[in-house]
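Dropping start.cif in here (mmCIF, C-alpha atoms):
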data_run
loop_
_atom_site.group_PDB
_atom_site.id
_atom_site.type_symbol
_atom_site.label_atom_id
_atom_site.label_comp_id
_atom_site.auth_asym_id
_atom_site.auth_seq_id
_atom_site.Cartn_x
_atom_site.Cartn_y
_atom_site.Cartn_z
ATOM 1 C CA MET A 8 -2.635 19.355 28.258
ATOM 2 C CA SER A 9 -1.110 19.717 31.692
ATOM 3 C CA ALA A 10 2.584 19.236 32.396
ATOM 4 C CA HIS A 11 1.655 16.133 34.351
ATOM 5 C CA ASP A 12 0.054 14.562 31.280
ATOM 6 C CA ALA A 13 3.111 15.265 29.138
ATOM 7 C CA GLU A 14 5.280 13.680 31.799
ATOM 8 C CA SER A 15 3.101 10.555 31.971
ATOM 9 C CA ILE A 16 3.240 10.231 28.165
ATOM 10 C CA ARG A 17 7.048 10.387 28.313
ATOM 11 C CA LYS A 18 7.014 7.677 30.960
ATOM 12 C CA GLU A 19 4.707 5.592 28.783
ATOM 13 C CA THR A 20 7.088 6.064 25.849
ATOM 14 C CA ARG A 21 9.892 4.525 27.866
ATOM 15 C CA ALA A 22 7.608 1.552 28.596
ATOM 16 C CA TYR A 23 6.916 1.186 24.840
ATOM 17 C CA ILE A 24 10.622 0.935 24.104
ATOM 18 C CA THR A 25 11.158 -1.608 26.911
ATOM 19 C CA VAL A 26 8.299 -3.723 25.577
ATOM 20 C CA PHE A 27 9.658 -3.431 22.032
ATOM 21 C CA VAL A 28 13.049 -4.787 23.137
ATOM 22 C CA SER A 29 11.371 -7.566 25.165
ATOM 23 C CA LEU A 30 9.250 -8.592 22.173
ATOM 24 C CA MET A 31 12.324 -8.762 19.929
ATOM 25 C CA VAL A 32 14.178 -10.929 22.469
ATOM 26 C CA LEU A 33 11.144 -13.185 22.907
ATOM 27 C CA THR A 34 10.792 -13.570 19.123
ATOM 28 C CA ALA A 35 14.425 -14.674 18.916
ATOM 29 C CA LEU A 36 13.767 -17.035 21.829
ATOM 30 C CA THR A 37 10.708 -18.563 20.114
ATOM 31 C CA VAL A 38 12.744 -19.265 16.990
ATOM 32 C CA GLY A 39 15.738 -20.491 19.032
ATOM 33 C CA VAL A 40 13.818 -23.049 21.093
ATOM 34 C CA SER A 41 12.091 -24.378 17.964
ATOM 35 C CA TYR A 42 15.468 -25.782 16.872
ATOM 36 C CA PHE A 43 15.722 -27.947 20.022
ATOM 37 C CA HIS A 44 14.299 -31.361 19.286
ATOM 38 C CA MET A 45 11.569 -31.316 21.903
ATOM 39 C CA PRO A 46 8.586 -33.694 21.907
ATOM 40 C CA VAL A 47 5.708 -32.116 19.915
ATOM 41 C CA GLY A 48 3.496 -31.594 22.981
ATOM 42 C CA LEU A 49 6.217 -29.760 24.884
ATOM 43 C CA ALA A 50 7.219 -27.712 21.821
ATOM 44 C CA ILE A 51 3.596 -26.556 21.366
ATOM 45 C CA LEU A 52 3.323 -25.707 25.068
ATOM 46 C CA VAL A 53 6.579 -23.683 25.089
ATOM 47 C CA ALA A 54 5.664 -21.823 21.866
ATOM 48 C CA LEU A 55 2.175 -20.978 23.116
ATOM 49 C CA VAL A 56 3.431 -19.844 26.546
ATOM 50 C CA ILE A 57 5.924 -17.443 24.900
ATOM 51 C CA ALA A 58 3.288 -16.240 22.384
ATOM 52 C CA THR A 59 0.766 -15.648 25.185
ATOM 53 C CA PHE A 60 3.352 -13.664 27.147
ATOM 54 C CA LYS A 61 4.203 -11.587 24.058
ATOM 55 C CA GLY A 62 0.503 -11.067 23.334
ATOM 56 C CA SER A 63 -0.200 -9.899 26.869
ATOM 57 C CA LEU A 64 2.668 -7.388 26.639
ATOM 58 C CA VAL A 65 1.147 -5.958 23.438
ATOM 59 C CA ALA A 66 -2.359 -5.878 24.927
ATOM 60 C CA SER A 67 -1.433 -4.399 28.292
ATOM 61 C CA VAL A 68 1.115 -1.787 27.180
ATOM 62 C CA PHE A 69 0.537 -0.910 23.499
ATOM 63 C CA MET A 70 -3.248 -1.315 23.756
ATOM 64 C CA HIS A 71 -3.307 0.396 27.163
ATOM 65 C CA LEU A 72 -5.201 -2.400 28.886
ATOM 66 C CA ARG A 73 -3.057 -1.827 31.989
ATOM 67 C CA ALA A 74 -5.327 1.094 32.827
ATOM 68 C CA GLU A 75 -8.630 0.906 31.022
ATOM 69 C CA ARG A 76 -12.318 1.350 31.826
ATOM 70 C CA LYS A 77 -14.182 -1.510 33.480
ATOM 71 C CA LEU A 78 -16.616 -1.864 30.579
ATOM 72 C CA ILE A 79 -13.786 -2.884 28.250
ATOM 73 C CA TYR A 80 -12.592 -5.511 30.739
ATOM 74 C CA TRP A 81 -16.133 -6.936 30.833
ATOM 75 C CA ILE A 82 -16.291 -7.080 27.035
ATOM 76 C CA LEU A 83 -12.939 -8.867 26.979
ATOM 77 C CA ILE A 84 -13.909 -11.350 29.708
ATOM 78 C CA LEU A 85 -16.973 -12.275 27.642
ATOM 79 C CA THR A 86 -14.784 -12.569 24.523
ATOM 80 C CA VAL A 87 -12.329 -14.856 26.319
ATOM 81 C CA LEU A 88 -15.207 -17.095 27.508
ATOM 82 C CA PHE A 89 -16.530 -17.494 23.966
ATOM 83 C CA PHE A 90 -12.987 -18.022 22.677
ATOM 84 C CA ILE A 91 -12.562 -20.876 25.177
ATOM 85 C CA VAL A 92 -15.804 -22.433 23.885
ATOM 86 C CA LEU A 93 -14.442 -22.194 20.312
ATOM 87 C CA MET A 94 -11.186 -23.855 21.350
ATOM 88 C CA ALA A 95 -13.102 -26.588 23.201
ATOM 89 C CA ILE A 96 -14.864 -27.687 20.004
ATOM 90 C CA PRO A 97 -11.891 -29.745 18.693
ATOM 91 C CA THR A 98 -11.623 -31.441 22.110
ATOM 92 C CA ILE A 99 -15.330 -32.303 22.123
ATOM 93 C CA SER A 100 -14.898 -33.729 18.631
ATOM 94 C CA GLN A 101 -12.079 -35.941 19.857
ATOM 95 C CA TRP A 102 -14.232 -37.332 22.684
ATOM 96 C CA ASP A 103 -16.904 -38.021 20.109
ATOM 97 C CA GLN A 104 -14.427 -39.890 17.931
ATOM 98 C CA ARG A 105 -13.294 -42.010 20.887
ATOM 99 C CA MET A 106 -16.886 -42.905 21.752
ATOM 100 C CA LEU A 107 -17.461 -44.097 18.190
ATOM 101 C CA ARG A 108 -14.461 -46.401 18.235
ATOM 102 C CA MET B 19 -25.903 17.094 13.593
ATOM 103 C CA GLU B 20 -22.681 16.715 15.553
ATOM 104 C CA ILE B 21 -21.452 13.187 16.235
ATOM 105 C CA PRO B 22 -21.662 12.839 20.024
ATOM 106 C CA TYR B 23 -18.847 11.770 22.371
ATOM 107 C CA THR B 24 -15.919 11.946 19.939
ATOM 108 C CA THR B 25 -13.630 13.378 22.596
ATOM 109 C CA GLU B 26 -15.474 13.629 25.893
ATOM 110 C CA ALA B 27 -16.397 10.413 27.695
ATOM 111 C CA ARG B 28 -19.988 9.223 27.599
ATOM 112 C CA PRO B 29 -21.228 9.331 31.206
ATOM 113 C CA ASP B 30 -22.572 5.770 31.311
ATOM 114 C CA THR B 31 -19.625 4.001 29.613
ATOM 115 C CA GLY B 32 -16.843 6.332 30.724
ATOM 116 C CA LEU B 33 -15.420 6.083 27.195
ATOM 117 C CA PHE B 34 -15.482 8.109 24.007
ATOM 118 C CA ASN B 35 -17.737 6.224 21.587
ATOM 119 C CA ALA B 36 -15.118 5.173 19.039
ATOM 120 C CA LYS B 37 -13.111 3.388 21.708
ATOM 121 C CA LEU B 38 -16.042 1.249 22.791
ATOM 122 C CA GLY B 39 -16.797 0.662 19.108
ATOM 123 C CA ILE B 40 -13.308 -0.549 18.211
ATOM 124 C CA TRP B 41 -13.174 -2.905 21.211
ATOM 125 C CA LEU B 42 -16.514 -4.460 20.229
ATOM 126 C CA PHE B 43 -15.192 -4.811 16.674
ATOM 127 C CA LEU B 44 -11.970 -6.412 17.974
ATOM 128 C CA ALA B 45 -14.068 -8.822 20.062
ATOM 129 C CA SER B 46 -15.768 -9.920 16.821
ATOM 130 C CA GLU B 47 -12.337 -10.236 15.199
ATOM 131 C CA VAL B 48 -11.207 -12.538 18.022
ATOM 132 C CA MET B 49 -14.148 -14.766 17.150
ATOM 133 C CA LEU B 50 -13.333 -14.666 13.423
ATOM 134 C CA PHE B 51 -9.689 -15.658 13.871
ATOM 135 C CA GLY B 52 -10.654 -17.910 16.790
ATOM 136 C CA ALA B 53 -13.021 -19.916 14.581
ATOM 137 C CA LEU B 54 -10.301 -20.411 11.967
ATOM 138 C CA PHE B 55 -7.748 -21.267 14.631
ATOM 139 C CA SER B 56 -10.141 -23.778 16.165
ATOM 140 C CA SER B 57 -10.638 -25.326 12.709
ATOM 141 C CA TYR B 58 -6.866 -25.538 12.348
ATOM 142 C CA VAL B 59 -6.596 -27.396 15.675
ATOM 143 C CA LEU B 60 -9.427 -29.725 14.631
ATOM 144 C CA LEU B 61 -7.861 -30.485 11.241
ATOM 145 C CA ARG B 62 -4.402 -30.924 12.719
ATOM 146 C CA THR B 63 -5.398 -33.210 15.593
ATOM 147 C CA GLY B 64 -7.684 -35.190 13.295
ATOM 148 C CA ALA B 65 -5.006 -35.799 10.649
ATOM 149 C CA PRO B 66 -2.995 -39.050 10.855
ATOM 150 C CA VAL B 67 0.212 -37.058 10.194
ATOM 151 C CA TRP B 68 0.789 -33.312 10.082
ATOM 152 C CA PRO B 69 3.824 -31.878 8.309
ATOM 153 C CA HIS B 70 6.183 -29.447 10.022
ATOM 154 C CA GLY B 71 6.151 -25.993 8.424
ATOM 155 C CA ARG B 72 9.858 -26.248 7.592
ATOM 156 C CA THR B 73 9.445 -29.508 5.688
ATOM 157 C CA GLN B 74 6.810 -27.783 3.522
ATOM 158 C CA GLY B 75 9.264 -25.113 2.437
ATOM 159 C CA LEU B 76 8.044 -22.337 4.737
ATOM 160 C CA SER B 77 10.871 -19.872 5.329
ATOM 161 C CA VAL B 78 11.500 -19.395 9.054
ATOM 162 C CA PRO B 79 14.090 -16.594 8.506
ATOM 163 C CA LEU B 80 11.674 -14.565 6.323
ATOM 164 C CA ALA B 81 8.806 -15.087 8.796
ATOM 165 C CA THR B 82 11.085 -14.109 11.703
ATOM 166 C CA VAL B 83 12.043 -10.877 9.927
ATOM 167 C CA ASN B 84 8.349 -10.251 9.229
ATOM 168 C CA THR B 85 7.479 -10.804 12.903
ATOM 169 C CA MET B 86 10.096 -8.236 13.904
ATOM 170 C CA VAL B 87 8.901 -5.795 11.217
ATOM 171 C CA LEU B 88 5.327 -6.028 12.492
ATOM 172 C CA ILE B 89 6.373 -5.623 16.133
ATOM 173 C CA GLY B 90 8.448 -2.592 15.073
ATOM 174 C CA SER B 91 5.404 -1.135 13.311
ATOM 175 C CA SER B 92 3.338 -1.540 16.484
ATOM 176 C CA VAL B 93 5.901 0.528 18.365
ATOM 177 C CA THR B 94 5.981 3.294 15.736
ATOM 178 C CA MET B 95 2.162 3.288 15.716
ATOM 179 C CA VAL B 96 1.919 3.848 19.455
ATOM 180 C CA LEU B 97 4.714 6.439 19.263
ATOM 181 C CA SER B 98 2.751 8.328 16.589
ATOM 182 C CA TRP B 99 -0.177 8.562 19.023
ATOM 183 C CA ALA B 100 2.136 9.600 21.883
ATOM 184 C CA SER B 101 3.613 12.326 19.611
ATOM 185 C CA LEU B 102 0.136 13.771 19.066
ATOM 186 C CA LYS B 103 -0.445 13.761 22.812
ATOM 187 C CA LEU B 104 2.806 15.738 23.121
ATOM 188 C CA LYS B 105 1.529 18.115 20.365
ATOM 189 C CA ASP B 106 4.397 17.193 18.034
ATOM 190 C CA PHE B 107 2.716 16.830 14.658
ATOM 191 C CA ALA B 108 5.975 16.471 12.677
ATOM 192 C CA LYS B 109 6.953 13.454 14.760
ATOM 193 C CA TYR B 110 3.470 11.996 14.381
ATOM 194 C CA ARG B 111 3.865 12.200 10.606
ATOM 195 C CA LEU B 112 7.277 10.532 10.775
ATOM 196 C CA TYR B 113 6.180 7.643 13.023
ATOM 197 C CA MET B 114 2.993 7.106 11.018
ATOM 198 C CA ALA B 115 5.025 7.004 7.780
ATOM 199 C CA LEU B 116 7.337 4.424 9.374
ATOM 200 C CA THR B 117 4.291 2.357 10.434
ATOM 201 C CA ILE B 118 2.906 2.370 6.896
ATOM 202 C CA LEU B 119 6.327 1.516 5.422
ATOM 203 C CA ALA B 120 6.711 -1.385 7.877
ATOM 204 C CA GLY B 121 3.271 -2.648 6.834
ATOM 205 C CA LEU B 122 4.364 -2.411 3.197
ATOM 206 C CA CYS B 123 7.602 -4.246 3.998
ATOM 207 C CA PHE B 124 5.578 -7.027 5.689
ATOM 208 C CA MET B 125 3.345 -7.370 2.616
ATOM 209 C CA VAL B 126 6.291 -7.421 0.187
ATOM 210 C CA ILE B 127 8.026 -10.178 2.200
ATOM 211 C CA LYS B 128 4.721 -12.070 2.366
ATOM 212 C CA GLY B 129 4.431 -11.622 -1.393
ATOM 213 C CA PHE B 130 7.865 -13.204 -1.897
ATOM 214 C CA GLU B 131 6.804 -16.083 0.347
ATOM 215 C CA TYR B 132 3.608 -16.638 -1.630
ATOM 216 C CA ALA B 133 5.499 -16.403 -4.942
ATOM 217 C CA ALA B 134 7.936 -19.086 -3.750
ATOM 218 C CA LYS B 135 5.006 -21.332 -2.820
ATOM 219 C CA PHE B 136 3.327 -20.891 -6.206
ATOM 220 C CA GLU B 137 6.638 -21.553 -7.960
ATOM 221 C CA HIS B 138 6.726 -24.951 -6.254
ATOM 222 C CA HIS B 139 3.073 -25.478 -7.241
ATOM 223 C CA HIS B 140 1.882 -25.217 -3.676
ATOM 224 C CA TYR B 141 -1.664 -23.866 -3.656
ATOM 225 C CA PRO B 142 -4.500 -23.943 -1.090
ATOM 226 C CA SER B 143 -5.810 -27.020 -2.907
ATOM 227 C CA THR B 144 -2.467 -28.861 -2.586
ATOM 228 C CA SER B 145 -2.983 -30.150 0.959
ATOM 229 C CA THR B 146 -4.814 -29.429 4.207
ATOM 230 C CA PHE B 147 -1.591 -27.866 5.503
ATOM 231 C CA PHE B 148 -1.459 -25.349 2.644
ATOM 232 C CA ALA B 149 -5.215 -24.717 2.819
ATOM 233 C CA VAL B 150 -4.761 -23.706 6.482
ATOM 234 C CA TYR B 151 -1.564 -21.753 5.736
ATOM 235 C CA PHE B 152 -3.070 -19.702 2.901
ATOM 236 C CA THR B 153 -6.396 -19.087 4.674
ATOM 237 C CA LEU B 154 -4.844 -17.865 7.918
ATOM 238 C CA THR B 155 -1.980 -15.840 6.424
ATOM 239 C CA GLY B 156 -4.253 -14.550 3.630
ATOM 240 C CA LEU B 157 -6.896 -13.247 6.038
ATOM 241 C CA HIS B 158 -4.168 -11.759 8.216
ATOM 242 C CA GLY B 159 -2.552 -10.131 5.165
ATOM 243 C CA LEU B 160 -5.903 -8.553 4.229
ATOM 244 C CA HIS B 161 -6.050 -7.103 7.740
ATOM 245 C CA VAL B 162 -2.558 -5.621 7.329
ATOM 246 C CA LEU B 163 -3.644 -4.119 3.991
ATOM 247 C CA GLY B 164 -6.811 -2.665 5.567
ATOM 248 C CA GLY B 165 -4.769 -1.116 8.382
ATOM 249 C CA MET B 166 -2.325 0.383 5.871
ATOM 250 C CA ILE B 167 -5.189 2.044 3.959
ATOM 251 C CA VAL B 168 -6.619 3.544 7.160
ATOM 252 C CA ASN B 169 -3.176 4.647 8.364
ATOM 253 C CA GLY B 170 -2.420 6.069 4.910
ATOM 254 C CA TYR B 171 -5.589 8.148 5.108
ATOM 255 C CA PHE B 172 -4.622 9.475 8.544
ATOM 256 C CA TRP B 173 -1.105 10.260 7.335
ATOM 257 C CA GLY B 174 -2.432 12.101 4.272
ATOM 258 C CA PRO B 175 -5.837 13.751 3.793
ATOM 259 C CA GLY B 176 -7.252 12.701 7.187
ATOM 260 C CA ALA B 177 -4.482 14.573 9.006
ATOM 261 C CA LYS B 178 -6.227 17.886 8.224
ATOM 262 C CA MET B 179 -8.351 17.286 11.320
ATOM 263 C CA TRP B 180 -5.301 17.987 13.512
ATOM 264 C CA LYS B 181 -5.762 21.705 12.738
ATOM 265 C CA THR B 182 -9.515 21.833 13.413
ATOM 266 C CA ASP B 183 -10.012 19.237 16.169
ATOM 267 C CA PRO B 184 -6.724 17.901 17.557
ATOM 268 C CA ASP B 185 -8.208 15.878 20.426
ATOM 269 C CA ARG B 186 -10.595 14.062 18.125
ATOM 270 C CA PHE B 187 -7.756 13.372 15.694
ATOM 271 C CA ALA B 188 -5.578 11.930 18.484
ATOM 272 C CA ASN B 189 -8.494 9.670 19.463
ATOM 273 C CA ARG B 190 -8.796 8.487 15.862
ATOM 274 C CA ILE B 191 -5.118 7.537 15.873
ATOM 275 C CA GLU B 192 -5.547 5.717 19.192
ATOM 276 C CA VAL B 193 -8.425 3.689 17.737
ATOM 277 C CA ALA B 194 -6.526 2.938 14.505
ATOM 278 C CA GLY B 195 -3.621 1.907 16.734
ATOM 279 C CA LEU B 196 -5.757 -0.522 18.749
ATOM 280 C CA TYR B 197 -6.686 -2.246 15.484
ATOM 281 C CA TRP B 198 -3.077 -2.284 14.287
ATOM 282 C CA HIS B 199 -1.811 -3.809 17.561
ATOM 283 C CA PHE B 200 -4.500 -6.480 17.306
ATOM 284 C CA VAL B 201 -3.238 -7.424 13.827
ATOM 285 C CA ASP B 202 0.270 -7.668 15.338
ATOM 286 C CA LEU B 203 -1.109 -9.805 18.187
ATOM 287 C CA VAL B 204 -2.724 -12.252 15.745
ATOM 288 C CA TRP B 205 0.593 -12.639 13.913
ATOM 289 C CA ILE B 206 2.379 -13.340 17.228
ATOM 290 C CA PHE B 207 0.244 -16.510 17.443
ATOM 291 C CA LEU B 208 0.240 -17.389 13.741
ATOM 292 C CA PHE B 209 4.027 -17.275 13.412
ATOM 293 C CA PRO B 210 4.928 -20.112 15.824
ATOM 294 C CA THR B 211 1.875 -22.250 15.077
ATOM 295 C CA LEU B 212 2.325 -22.220 11.294
ATOM 296 C CA TYR B 213 6.093 -21.956 10.854
ATOM 297 C CA LEU B 214 7.728 -23.423 13.932
ATOM 298 C CA LEU B 215 5.568 -26.327 15.113
#
Please go through the file and, once you have read it, give me the structure as structure tokens.
Amino acid sequence: MSAHDAESIRKETRAYITVFVSLMVLTALTVGVSYFHMPVGLAILVALVIATFKGSLVASVFMHLRAERKLIYWILILTVLFFIVLMAIPTISQWDQRMLR
Amino acid sequence: MEIPYTTEARPDTGLFNAKLGIWLFLASEVMLFGALFSSYVLLRTGAPVWPHGRTQGLSVPLATVNTMVLIGSSVTMVLSWASLKLKDFAKYRLYMALTILAGLCFMVIKGFEYAAKFEHHHYPSTSTFFAVYFTLTGLHGLHVLGGMIVNGYFWGPGAKMWKTDPDRFANRIEVAGLYWHFVDLVWIFLFPTLYLL
């Protein structure tokens, strides 16, 4: 391994620690805001926004997606599309219910 | 016959094979958890009333500690890989041991949570809420257990490869790490949706 590689790993390590601290703070924040008596819709939105932010930190830094091969991005884009379809199923079901009423 | 592309990148994908393999596997895992999550949304939006996790006796403090334990284990996991890249095997061993211990800690806390539920006669058959709770946390717990077994192997007997083929071993740890971070990522979504909303 070249000296440059070792240096980049050390830099990465600092990023891991920063992300670790951020994730801890965001976890505390998630729990903290859940004690505010927000309307359910808003509470779900806030919780999911924080969770998505935390998830993207894990994926981009710990899972090295910040700098990855194109093929993996394509696989993930396809996965996200299918995931959206899965999440749309409950919505479609609700439309169906409304039509029946 | 030698297994091809364990360390060098395959020319057409630009990746060593195991990395492409684990990402395809994780894509299938997204669909597995996604299907259950979608079912949860369907059941929840279709129910006339849905109880809040706290009113069902779910322990937010225990789950918060567990979230932090799992996040901590993700950091030690990635640090174990970074240690191998820096050729520091002793540190790798230490960080990997910490990762496994954190996984164990998560499972023990989860065990206490389950025991408390059973004590109050709350089972998957009790209500839709508990059916969802036990299915999602149970499947996630099995994933933690699976990761601990793999990590345990790489801490113990599997670590012999470091002497014969260090680059391949580091790649194995990277791949095991990708799986472990995914399990952490799933929990990041399960925690607020089951306990806090």
Subject >> atom CA of B:Gly159 to atom CA of A:Leu55, straight-line distance in Å >> reply: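 Computing it gives 21.5 Å between the two atoms.
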**OP:** Could you please select, counting only C-alpha atoms, the residues of chain A within 9 Å of chain B and state them as a PyMOL selection string?
**Re:** chain A and resi 8+12-13+16-17+19-20+23-24+26-27+30-31+34-35+37-38+41-42+47+50-51+54-55+58-59+61-63+65-66+69-71+76-79+82-83+85-87+89-90+93-98+100-101
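Taking atom CA of B:Ala120 and atom CA of B:Asn169 as the two end points, the separation is 11.6 Å.
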Which residues match the PyMOL selection byres ((chain B and resi 23) around 10) in the file above, as a PDB file with C-alpha atoms, in the frame of the given file?
ATOM      1  CA  GLU B  20     -22.681  16.715  15.553  1.00  0.00           C
ATOM      2  CA  ILE B  21     -21.452  13.187  16.235  1.00  0.00           C
ATOM      3  CA  PRO B  22     -21.662  12.839  20.024  1.00  0.00           C
ATOM      4  CA  THR B  24     -15.919  11.946  19.939  1.00  0.00           C
ATOM      5  CA  THR B  25     -13.630  13.378  22.596  1.00  0.00           C
ATOM      6  CA  GLU B  26     -15.474  13.629  25.893  1.00  0.00           C
ATOM      7  CA  ALA B  27     -16.397  10.413  27.695  1.00  0.00           C
ATOM      8  CA  ARG B  28     -19.988   9.223  27.599  1.00  0.00           C
ATOM      9  CA  PRO B  29     -21.228   9.331  31.206  1.00  0.00           C
ATOM     10  CA  LEU B  33     -15.420   6.083  27.195  1.00  0.00           C
ATOM     11  CA  PHE B  34     -15.482   8.109  24.007  1.00  0.00           C
ATOM     12  CA  ASN B  35     -17.737   6.224  21.587  1.00  0.00           C
ATOM     13  CA  ALA B  36     -15.118   5.173  19.039  1.00  0.00           C
ATOM     14  CA  ARG B 186     -10.595  14.062  18.125  1.00  0.00           C
TER      15      ARG B 186
END
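Residue nearest B:Thr73, chosen from B:Phe147, B:Phe130, B:Phe124, B:Tyr141 and counting only C-alpha atoms: B:Phe147.
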**OP:** Report the distance between atom CA of A:Ile91 and atom CA of B:Val162 in Å, rounded to one decimal place.
**Re:** 25.5 Å
Subject >> Residue neighbourhood B:Gly164, 12 Å, all atoms listed in the file, exclusion window fewer than 4 positions, as a ChimeraX atom specification >> reply: /B:118,121-122,125,157-160,168-171,194,197-198,201
As AutoDock Vina command-line options, what would the box around stretch 57-61 of chain A look like: edges along x, y and z, 6 Å added on every side, centre and edge lengths in Å to one decimal?
--center_x 3.3 --center_y -14.5 --center_z 24.8 --size_x 17.2 --size_y 17.9 --size_z 16.8
